[in-house]
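Written below as structure tokens is the structure these notes are about.
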Amino acid sequence: MFVSRMKLEGGKRELLMRESFPVLEMSCAACAVSVESMLRTVPGVKNAIVNYANQTASVEYDNTLTSPAALQHAVRSIGYDLVVDVEDPQAVQEESQQKHYDEVKSRTIWSSVLSVPLVIIGMFFMDMPHGNYISLVLAAPVVFWFGQNFFINAWKQAKHGKANMDTLVALSTGIAFLFSTFNTFFPEFWHSRGIHPHVYFEAAAVVITFILLGKLLEEKAKTSTSSAIKKLMGLQPKTVKAMIDGVEQEVPIASVKVGYLIHVRPGEKIAVDGVVKNGSSYVDESMISGEPIPIEKIVGEKVFAGTVNQKGSFQFEALKVGGDTILAQIIKMVQQAQGSKAPVQKLVDTIAGIFVPVVMGISILTFITWMIVGGDNAFTHALLTSITVLVIACPCALGLATPTAIMVGVGKGAENNILIKDAESLELAHQVNAMILDKTGTITEGKPVVTDFVWQSKKEGVGQFKNILYTLESHSEHPLAEAVATALQHDGAISIGIDNFESLTGRGAKAKVKDSMYYIGNRKLVDENSIQVSAEVQSLATQLQSEAKTVVYFTDRQNVLALMAIADKIKATSKAAIETLQSMGIDVYMLTGDNEQTAKAVAAQVGLKHYKAEVMPGDKAEFVKLLQQDGKIVAMVGDGINDSHALAQADVSIAMGKGSDIAMDVAKMTLITSDLQSIPKALNLSTKTVRGIRQNLFWAFIYNVIGIPLAAGVLYPVNGFLLDPMIAGAAMALSSVSVVSNSLRLKFAKI
């Protein structure tokens, strides 16, 4: 994904690019900070944001000064990698993540196998013959083979004057192993000083094992939280049948170009966005609209990638391919949301960046303090406590606290037809206390239905006229004709034979039935054919029009036979959704460009106290500002281009899934179903996600707040307690497991 924009600064032209690159080999939050800081040192880079949970780097750079290859070189220099210049970077990242998961799984299993006998020897057979030598042989492969990545990455970081979690692990386990090896081969050094030479091979090995176990669970969590994206990607067919040089060929979806004529057979998924050129069918668009009823597609109708063709067959011209399709945009929104940083995460990143150096400082201070006040066992206690501090103070849990909760929250939203564009909206939505709803397409269906049917003919003739009218409207292509035909069909009307059907552009249609001519259309058509309109009919038409309804006339050559009023129906769930929002303490407002009478009627039907009619697009944004000036956290819900300004102004913006591309592009959330009942769900999801973040931060901080002083030996003067490095490693791994597990609970929460 990239965006480019031109910028003139001091007479110099810059071409700023913003691209997202998958990052490989990151093992902790501090790794993400290291990659981020390294990217920012590359000449030409204006900004870089690295997300550990999503394993991506979003970089804004001047491509006249640098390139993706230069960014990749910089990242590789500190032991990580950037995926650039490949056709499908996500596939490369997924393959790398799966490979990494398999490697971590293998290392975890084998290190566990070797660590179990080490623990048994260390705890129950400490004085067995040659026990130290056996422990050394068992621990060496765990520390230096299965744990080799910690040492390699720590060295690469050190070369650039940086430190991360790998630095802590490498220092603690390396020192523990070397200290134990010295004690194994030169025990007399300690015996001569009256001290028993303890070894900590099992501690070094178990620390590595627990950290690998924590990483294994983290990797598993990352794959499970991206399931929503994989489900969306599964909607795309792999190949299509396209006309190339007059011959139908099966080609990969990646090869489809704008202008290709694509053949869709019954039951097939539509591969790209386009417009129907030949044939007709009904298409299931529930993936996009949430509506279960298939939509008729005839020549000129748009079709969208991921939707499913029903029984018919047609050809359509490809208009949007690759990343430009609506389905691709939906996938991109989910990916960007899972990779975006909530405001609280920026603080966490800052803490993680200074955390490792501070912990190393505490470790050194602990060593010095024990050397001064430790008495006869000063060196031993100094060494053990400083190692334990390094082991227990892993920043993984801190780094995972926010992104794992955000990732699960975004995935949960996608499962409930709520697409969240960025993390900030998910974090802010639970604070909303004022909500503005557009009327058309938001509170109402956004599609015409017949609200009134008034027959002027005698009762015994109505049945015959219904059939004639139904047949006329069934032949018509006018957008309102379907509404009339549907209403008549539900009323039992059937199709009959007609002659000389003619569509009259901008007026309606006419046809002959048994030598009699019938007309269906607007008042202009009636006047053109000098058809008589009685005072009663005129009065009724005026009344219906005053209610913002469109009046359609059905006539023969002389008289009006029936009047139909067509309007935009209120959605079945709108009233319940608005009541729910108001019960949550939210002030709900309706803004519409319709007249006062219509606005008042709709507001009354859905139980709204606050509404404004005849509102221009710019007025909507101004109304948002007024509420914000009153201290309100404002959410705007709309579906049209006319709502885009207000959507951009609002604190939280929500677009209806059947709305315009601009509305969905500006909005921070999109409701695929266009059902207002999804809005309370979105707010509840925000509440639960933020609660999960706070809980995660609590667990991350509490482990370190309690663990580091214990590791430093603050209780030793009181009760002689010193935290074993092995227990410290278990506690550190448990903190990451606690955070990931707590985040995953959201997957099963009811919203």
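Lettering and numbering for the structure tokens are positional, with chains as A, B, ... in the shown order, residues counted from 1 in each chain, and ligands counted from 1 in the shown order.
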Contacts of Tyr703 (chain A) at 9 Å (only C-alpha atoms; same-chain gap of 5+ positions) as a list in words: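 Near Tyr703 (chain A), the qualifying residues are Ile392, Ala393, Phe698, Ile708, Ala731, Met732 and Ser735 of chain A.
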For CA of Ile654 (chain A) and CA of Tyr589 (chain A), the interatomic separation in Å (one decimal):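 Calculated distance between CA of Ile654 (chain A) and CA of Tyr589 (chain A) is 14.4 Å.
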Which residue of A:Pro448, A:Ala163, A:Pro237, A:Asp639 approaches Glu482 (chain A) most closely, using only C-alpha atoms: A:Pro448
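The two atoms in question, CA of Ile727 (chain A) and CA of Ala203 (chain A), are spaced 8.1 Å apart.
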Two-atom distance - CA of Ala711 (chain A), CA of Leu168 (chain A) (Å): 13.9 Å
Set the distance at 8 Å and use only C-alpha atoms: which residues neighbour Ala650 (chain A) once local chain neighbours fewer than 6 positions away are removed? I'd like the list as an mmCIF file with C-alpha atoms, in the first residue's frame.
data_model
loop_
_atom_site.group_PDB
_atom_site.id
_atom_site.type_symbol
_atom_site.label_atom_id
_atom_site.label_comp_id
_atom_site.auth_asym_id
_atom_site.auth_seq_id
_atom_site.Cartn_x
_atom_site.Cartn_y
_atom_site.Cartn_z
ATOM 1 C CA ALA A 621 -19.945 20.010 9.627
ATOM 2 C CA VAL A 624 -20.534 18.960 14.519
ATOM 3 C CA LYS A 625 -18.216 21.835 15.487
ATOM 4 C CA VAL A 634 -19.233 13.573 18.577
ATOM 5 C CA ALA A 635 -19.899 10.621 16.305
ATOM 6 C CA MET A 636 -21.236 11.270 12.792
#
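Of the residues under consideration (A:Arg76, A:Lys747, A:Lys569, A:His381), A:Arg76 shows the shortest atom-to-atom contact distance to Asn153 (chain A) when counting only C-alpha atoms.
The environment of Thr687 (chain A) within 8 Å, counting only C-alpha atoms and disregarding residues fewer than 2 places along the same chain, consists of Glu427, Ala429, His430, Leu683, Asn684, Leu685, Thr689, Val690 and Arg691 of chain A.
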Keeping only C-alpha atoms, take the residues you just selected and write them out as a PDB file, in the first residue's frame.
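New file result_14.pdb:
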ATOM      1  CA  GLU A 427     -10.198   3.627  21.517  1.00  0.00           C
ATOM      2  CA  ALA A 429     -15.739   5.412  20.478  1.00  0.00           C
ATOM      3  CA  HIS A 430     -16.669   4.429  24.033  1.00  0.00           C
ATOM      4  CA  LEU A 683     -19.520   1.366  21.039  1.00  0.00           C
ATOM      5  CA  ASN A 684     -19.685  -1.744  23.241  1.00  0.00           C
ATOM      6  CA  LEU A 685     -16.738  -3.204  21.339  1.00  0.00           C
ATOM      7  CA  THR A 689     -11.352  -3.245  23.944  1.00  0.00           C
ATOM      8  CA  VAL A 690     -10.264  -0.254  26.036  1.00  0.00           C
ATOM      9  CA  ARG A 691     -11.015  -2.217  29.192  1.00  0.00           C
TER      10      ARG A 691
END
